[in-house]
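Coordinates as given in protein12.tsv (TSV, C-alpha atoms and all ligand atoms):
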chain	number	residue	atom	x	y	z
O	3	MET	CA	16.88	-5.20	-17.10
O	4	TYR	CA	16.29	-3.59	-13.69
O	5	THR	CA	18.86	-0.89	-12.96
O	6	GLU	CA	17.36	1.38	-10.30
O	7	VAL	CA	14.21	1.85	-8.27
O	8	GLY	CA	11.37	3.60	-10.08
O	9	PHE	CA	9.87	3.60	-13.56
O	10	TYR	CA	8.64	6.94	-14.80
O	11	GLU	CA	6.34	5.90	-17.62
O	12	PRO	CA	3.00	5.09	-16.00
O	13	ASP	CA	1.30	4.30	-19.30
O	14	SER	CA	3.91	1.66	-20.21
O	15	TRP	CA	3.70	0.32	-16.65
O	16	LYS	CA	-0.05	-0.13	-16.90
O	17	ALA	CA	0.17	-2.27	-20.03
O	18	ALA	CA	3.38	-4.18	-19.23
O	19	PRO	CA	3.21	-7.95	-18.67
O	20	ALA	CA	3.60	-8.91	-15.02
O	21	THR	CA	5.54	-12.04	-14.10
O	22	VAL	CA	4.35	-13.59	-10.88
O	23	ASP	CA	5.52	-16.78	-9.22
O	24	GLU	CA	5.33	-18.12	-5.70
O	25	HIS	CA	8.11	-15.86	-4.46
O	26	SER	CA	8.11	-12.66	-6.49
O	27	LEU	CA	6.43	-10.19	-8.82
O	28	LYS	CA	8.37	-8.53	-11.63
O	29	ILE	CA	7.18	-5.89	-14.06
O	30	LEU	CA	9.48	-4.78	-16.88
O	31	GLY	CA	12.32	-6.52	-15.05
O	32	HIS	CA	11.77	-4.48	-11.87
O	33	PRO	CA	11.64	-6.49	-8.63
O	34	VAL	CA	8.32	-5.05	-7.48
O	35	MET	CA	7.47	-7.48	-4.68
O	36	GLU	CA	9.06	-10.48	-2.95
O	37	ASP	CA	7.54	-12.84	-0.44
O	38	TRP	CA	10.16	-12.31	2.30
O	39	GLU	CA	8.15	-9.14	3.01
O	40	ARG	CA	5.31	-11.29	4.38
O	41	PRO	CA	5.82	-10.44	8.11
O	42	TYR	CA	6.11	-6.77	7.25
O	43	MET	CA	2.92	-6.92	5.12
O	44	GLN	CA	1.14	-8.66	7.98
O	45	GLU	CA	1.99	-5.78	10.27
O	46	LEU	CA	0.99	-3.11	7.73
O	47	ALA	CA	-2.35	-4.91	7.26
O	48	ARG	CA	-2.85	-5.10	11.01
O	49	ILE	CA	-2.22	-1.36	11.38
O	50	ALA	CA	-4.45	-0.39	8.43
O	51	THR	CA	-7.37	-2.41	9.84
O	52	LEU	CA	-7.12	-1.26	13.46
O	53	ASN	CA	-10.30	0.80	13.05
O	54	GLY	CA	-12.08	-1.66	10.73
O	55	GLY	CA	-14.56	0.12	8.41
O	56	ARG	CA	-13.48	1.28	4.94
O	57	VAL	CA	-9.89	0.36	4.14
O	58	LEU	CA	-7.99	1.66	1.11
O	59	GLU	CA	-5.04	-0.28	-0.25
O	60	ILE	CA	-2.84	1.16	-3.00
O	61	GLY	CA	-0.93	-1.54	-4.93
O	62	PHE	CA	-2.12	-5.17	-5.01
O	63	GLY	CA	1.23	-6.72	-6.01
O	64	MET	CA	1.24	-10.36	-4.92
O	65	GLY	CA	-1.86	-9.83	-2.79
O	66	ILE	CA	0.01	-10.64	0.41
O	67	SER	CA	-1.18	-7.63	2.40
O	68	ALA	CA	-4.63	-7.96	0.81
O	69	GLY	CA	-4.77	-11.52	2.13
O	70	PHE	CA	-3.93	-10.33	5.64
O	71	ILE	CA	-6.54	-7.57	5.40
O	72	SER	CA	-9.13	-10.18	4.36
O	73	ARG	CA	-8.66	-11.92	7.72
O	74	PHE	CA	-10.48	-8.98	9.25
O	75	TYR	CA	-13.53	-9.17	6.95
O	76	ASP	CA	-15.35	-11.71	9.02
O	77	GLN	CA	-15.15	-9.75	12.22
O	78	ARG	CA	-17.90	-7.54	10.85
O	79	GLY	CA	-20.56	-7.12	13.50
O	80	ILE	CA	-18.46	-8.47	16.35
O	81	GLY	CA	-15.89	-5.75	16.60
O	82	ARG	CA	-14.16	-3.42	14.28
O	83	GLY	CA	-14.38	-5.52	11.13
O	84	VAL	CA	-13.54	-4.25	7.66
O	85	THR	CA	-16.72	-3.27	5.82
O	86	GLU	CA	-15.13	-2.29	2.49
O	87	HIS	CA	-11.69	-3.04	1.03
O	88	VAL	CA	-10.87	-0.75	-1.88
O	89	ILE	CA	-7.81	-1.87	-3.87
O	90	VAL	CA	-6.20	0.44	-6.44
O	91	GLU	CA	-3.86	-1.26	-8.92
O	92	ALA	CA	-2.17	0.34	-11.92
O	93	ASN	CA	-0.94	-2.71	-13.82
O	94	ARG	CA	-3.44	-4.54	-16.03
O	95	ASP	CA	-2.17	-8.06	-15.33
O	96	VAL	CA	-1.95	-7.45	-11.59
O	97	ALA	CA	-5.43	-5.86	-11.57
O	98	ALA	CA	-6.71	-9.12	-13.13
O	99	LEU	CA	-5.17	-11.00	-10.19
O	100	ALA	CA	-6.82	-8.54	-7.82
O	101	ARG	CA	-10.20	-9.22	-9.42
O	102	LYS	CA	-9.61	-12.95	-8.95
O	103	PHE	CA	-8.79	-12.27	-5.29
O	104	ARG	CA	-12.05	-10.29	-4.98
O	105	ASP	CA	-14.09	-13.09	-6.53
O	106	GLU	CA	-12.51	-15.71	-4.27
O	107	HIS	CA	-12.95	-13.67	-1.12
O	108	ARG	CA	-15.91	-11.36	-0.64
O	109	PRO	CA	-17.06	-9.91	-3.99
O	110	GLY	CA	-19.52	-7.60	-2.25
O	111	LEU	CA	-16.92	-6.19	0.08
O	112	VAL	CA	-13.84	-5.85	-2.16
O	113	ARG	CA	-13.76	-3.13	-4.82
O	114	ILE	CA	-10.99	-3.15	-7.43
O	115	VAL	CA	-10.19	0.19	-9.06
O	116	GLU	CA	-7.79	-0.26	-11.98
O	117	GLY	CA	-5.58	2.75	-12.63
O	118	VAL	CA	-2.78	4.88	-11.25
O	119	SER	CA	-3.59	6.11	-7.74
O	120	TYR	CA	-3.29	9.83	-8.40
O	121	ASP	CA	-5.51	9.58	-11.50
O	122	VAL	CA	-8.30	7.50	-9.99
O	123	ILE	CA	-8.32	9.46	-6.73
O	124	ALA	CA	-8.59	12.75	-8.63
O	125	GLU	CA	-11.36	11.29	-10.77
O	126	ASN	CA	-13.23	10.07	-7.65
O	127	ALA	CA	-15.75	8.02	-9.64
O	128	ASP	CA	-18.85	7.15	-7.58
O	129	GLY	CA	-17.40	9.17	-4.68
O	130	VAL	CA	-15.17	6.22	-3.69
O	131	PHE	CA	-12.31	8.58	-2.82
O	132	ARG	CA	-14.29	11.27	-1.03
O	133	ASP	CA	-12.54	13.34	1.62
O	134	GLY	CA	-12.75	11.78	5.07
O	135	GLY	CA	-14.06	8.53	3.59
O	136	PHE	CA	-11.56	5.95	4.90
O	137	ASP	CA	-10.86	4.44	8.31
O	138	GLY	CA	-7.50	3.02	7.26
O	139	ILE	CA	-5.04	3.33	4.37
O	140	LEU	CA	-2.18	1.04	3.35
O	141	HIS	CA	0.07	2.46	0.62
O	142	ASP	CA	2.54	0.07	-0.99
O	143	ALA	CA	3.01	1.17	-4.59
O	144	TYR	CA	6.11	1.43	-6.77
O	145	PRO	CA	7.53	4.81	-7.81
O	146	LEU	CA	5.98	5.82	-11.13
O	147	ASP	CA	7.35	9.34	-11.01
O	148	GLU	CA	10.52	10.90	-9.71
O	149	SER	CA	9.00	12.60	-6.67
O	150	GLN	CA	8.02	9.19	-5.28
O	151	VAL	CA	11.40	7.54	-5.19
O	152	GLN	CA	12.67	8.14	-1.67
O	153	ASN	CA	9.80	6.66	0.29
O	154	GLN	CA	6.05	6.53	0.16
O	155	ALA	CA	5.47	9.42	2.55
O	156	HIS	CA	4.74	11.52	-0.53
O	157	PHE	CA	1.22	10.06	-0.30
O	158	ALA	CA	0.78	11.38	3.24
O	159	GLY	CA	-1.03	14.59	2.24
O	160	THR	CA	-3.56	12.67	0.15
O	161	ALA	CA	-3.92	10.05	2.89
O	162	TYR	CA	-4.59	12.76	5.46
O	163	ARG	CA	-7.34	14.22	3.31
O	164	LEU	CA	-8.95	10.84	2.60
O	165	LEU	CA	-8.93	9.68	6.23
O	166	LYS	CA	-11.71	10.20	8.74
O	167	PRO	CA	-10.69	11.85	12.01
O	168	GLY	CA	-9.02	9.04	13.97
O	169	GLY	CA	-8.22	7.19	10.73
O	170	ILE	CA	-4.88	5.39	10.36
O	171	PHE	CA	-2.28	5.55	7.58
O	172	THR	CA	0.58	3.12	7.07
O	173	TYR	CA	2.94	2.46	4.15
O	174	PHE	CA	6.14	0.86	2.95
O	175	SER	CA	8.47	3.26	4.70
O	176	ASP	CA	11.86	2.60	3.14
O	177	GLU	CA	13.39	3.12	6.59
O	178	PRO	CA	15.12	0.36	8.58
O	179	THR	CA	14.74	1.75	12.11
O	180	GLN	CA	13.59	5.39	12.31
O	181	PHE	CA	12.11	8.24	10.30
O	182	ARG	CA	14.84	10.42	8.80
O	183	PRO	CA	14.26	14.10	9.68
O	184	GLU	CA	13.14	14.99	6.14
O	185	HIS	CA	10.77	12.04	6.12
O	186	LEU	CA	9.27	13.13	9.44
O	187	GLN	CA	8.92	16.66	8.10
O	188	MET	CA	6.89	15.38	5.12
O	189	LEU	CA	4.47	13.77	7.56
O	190	LEU	CA	4.17	16.93	9.64
O	191	ASP	CA	3.68	19.01	6.49
O	192	ALA	CA	0.93	16.61	5.43
O	193	GLY	CA	-1.02	17.48	8.59
O	194	PHE	CA	-0.17	14.64	10.99
O	195	ALA	CA	0.56	15.95	14.50
O	196	ARG	CA	3.84	14.74	16.05
O	197	LYS	CA	1.98	13.01	18.89
O	198	ASN	CA	0.04	10.98	16.29
O	199	ILE	CA	3.14	9.68	14.49
O	200	ASP	CA	4.35	6.34	15.79
O	201	HIS	CA	6.01	3.23	14.37
O	202	LYS	CA	6.95	-0.39	14.93
O	203	ILE	CA	10.13	-2.06	13.81
O	204	ILE	CA	9.60	-5.36	12.00
O	205	ARG	CA	12.28	-8.00	11.63
O	206	VAL	CA	12.70	-9.38	8.08
O	207	VAL	CA	15.01	-11.82	6.34
O	208	PRO	CA	15.58	-10.69	2.75
O	209	PRO	CA	17.67	-13.09	0.66
O	210	ALA	CA	21.24	-11.99	-0.07
O	211	ASP	CA	20.37	-11.35	-3.73
O	212	CYS	CA	17.45	-9.01	-2.97
O	213	LEU	CA	18.01	-5.85	-5.01
O	214	TYR	CA	15.90	-3.43	-2.98
O	215	TRP	CA	16.38	-4.30	0.71
O	216	LYS	CA	19.60	-5.22	2.50
O	217	ARG	CA	18.66	-4.69	6.14
O	218	ASP	CA	17.11	-7.02	8.70
O	219	THR	CA	14.40	-4.61	9.85
O	220	ILE	CA	11.84	-2.26	8.26
O	221	LEU	CA	9.91	0.45	10.02
O	222	ALA	CA	6.10	0.17	9.91
O	223	PRO	CA	4.59	3.67	10.26
O	224	ILE	CA	1.47	4.19	12.40
O	225	LEU	CA	-0.02	7.61	11.67
O	226	ARG	CA	-3.32	8.73	13.07
O	227	LYS	CA	-5.31	11.69	11.82
O	228	GLY	CA	-6.13	13.82	14.85
O	301	LIG	C1	5.09	-3.55	-3.90
O	301	LIG	S1	3.73	-4.07	-4.86
O	301	LIG	C2	2.47	-4.21	-3.64
O	301	LIG	C3	2.70	-5.41	-2.78
O	301	LIG	C4	1.51	-5.78	-1.91
O	301	LIG	N1	1.42	-4.93	-0.74
O	301	LIG	C5	1.61	-7.23	-1.47
O	301	LIG	O1	1.52	-7.48	-0.27
O	301	LIG	O2	1.78	-8.10	-2.32
O	301	LIG	C6	3.31	-2.59	-5.69
O	301	LIG	C7	2.09	-2.69	-6.63
O	301	LIG	O3	1.62	-1.37	-6.81
O	301	LIG	C8	1.29	-1.15	-8.18
O	301	LIG	N2	1.44	0.30	-8.37
O	301	LIG	C9	2.60	0.99	-8.46
O	301	LIG	N3	2.37	2.30	-8.48
O	301	LIG	C10	1.02	2.44	-8.41
O	301	LIG	C11	0.16	3.55	-8.37
O	301	LIG	N4	0.65	4.80	-8.38
O	301	LIG	N5	-1.17	3.33	-8.29
O	301	LIG	C12	-1.66	2.08	-8.25
O	301	LIG	N6	-0.89	0.97	-8.27
O	301	LIG	C13	0.42	1.17	-8.34
O	301	LIG	C14	2.26	-2.01	-8.93
O	301	LIG	O4	1.79	-2.30	-10.23
O	301	LIG	C15	2.38	-3.22	-8.03
O	301	LIG	O5	1.43	-4.20	-8.35

How does the structure come out when it is put into structure tokens?
Ligand SMILES: C[S@@+](CC[C@H](N)C(=O)[O-])C[C@H]1O[C@@H](n2cnc3c(N)ncnc32)[C@H](O)[C@@H]1O
Amino acid sequence: MYTEVGFYEPDSWKAAPATVDEHSLKILGHPVMEDWERPYMQELARIATLNGGRVLEIGFGMGISAGFISRFYDQRGIGRGVTEHVIVEANRDVAALARKFRDEHRPGLVRIVEGVSYDVIAENADGVFRDGGFDGILHDAYPLDESQVQNQAHFAGTAYRLLKPGGIFTYFSDEPTQFRPEHLQMLLDAGFARKNIDHKIIRVVPPADCLYWKRDTILAPILRKG
């Protein structure tokens, strides 16, 4: 039964059965993703694809943001289209869904990397996660260790390193309207200059029984590497 946000046993998480229906994704009873987030995911996908090129997405979930990112595949050659969509997914069942998504969309353009983000990035097989290798990054994982619970800004240092100059990072912010001072400080410490930290506020309608979001807005971060 879900009691609090976060699950600190990545190995159990990887092998756990995922339950997906039209409206939600649950793993080990945790409410990992719900479809009321759709407008927010649309905005995160829009931000992550602003530069086109190579886009990294951490966490496939229900594939909602991946679906929005895929809308930018076909702009290749006529603007700033996405040329590679790398999706990292830790859970085995969800990774299988991600592979199905890849096969139904553009197999040559979507790369699924199954594993926990910090492991696969450190491993850097085939140079996929080389420094300065991405034009955009969308991070929407689920806390698999204690340091990740507050918000997903903990990934900012890694994102900064993986981005090209001018590259854009966005993530599930866990903030309704503004960056808390300690959150902002994490972004500054990661290397993002204050003038390159922006955001948009997105209106959402979570159902009354949603366990992880009670507000009617969520902040969408827009961070650019200088
Ligand atoms: C909130 S869902 C992602 C939702 C997705 N953006 C969408 O639009 O449907 C989080 C996903 O990230 C995966 N995940 C959690 N922590 C991860 C990590 N450290 N590395 C890779 N995947 C992770 C979970 O298994 C889950 O499928």

Return the single residue from O:Val88, O:Ala100, O:Ala143, O:Leu27 that is closest to ligand LIG 301 (chain O), with distances computed using all atoms listed in the file.
O:Ala143

Give me, please, the distance in Å between CA of Val207 in chain O and CA of Met43 in chain O, quoted to one decimal.
13.1 Å

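Each of O:Ser14, O:Thr172, O:Ser119, O:Thr179 was checked against Arg48 in chain O using only C-alpha atoms; the smallest atom-to-atom distance is that of O:Thr172.
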
Can I get the residues close to ligand LIG 301 (chain O) as a PyMOL selection string, where close means within 7 Å and we count all atoms listed in the file?
chain O and resi 34-35+43+60-68+90-93+96+117-120+142-146

Just the number, please: distance in Å from CA of Phe171 in chain O to CA of Ile114 in chain O, one decimal.
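Separation of CA of Phe171 in chain O and CA of Ile114 in chain O: 19.4 Å.
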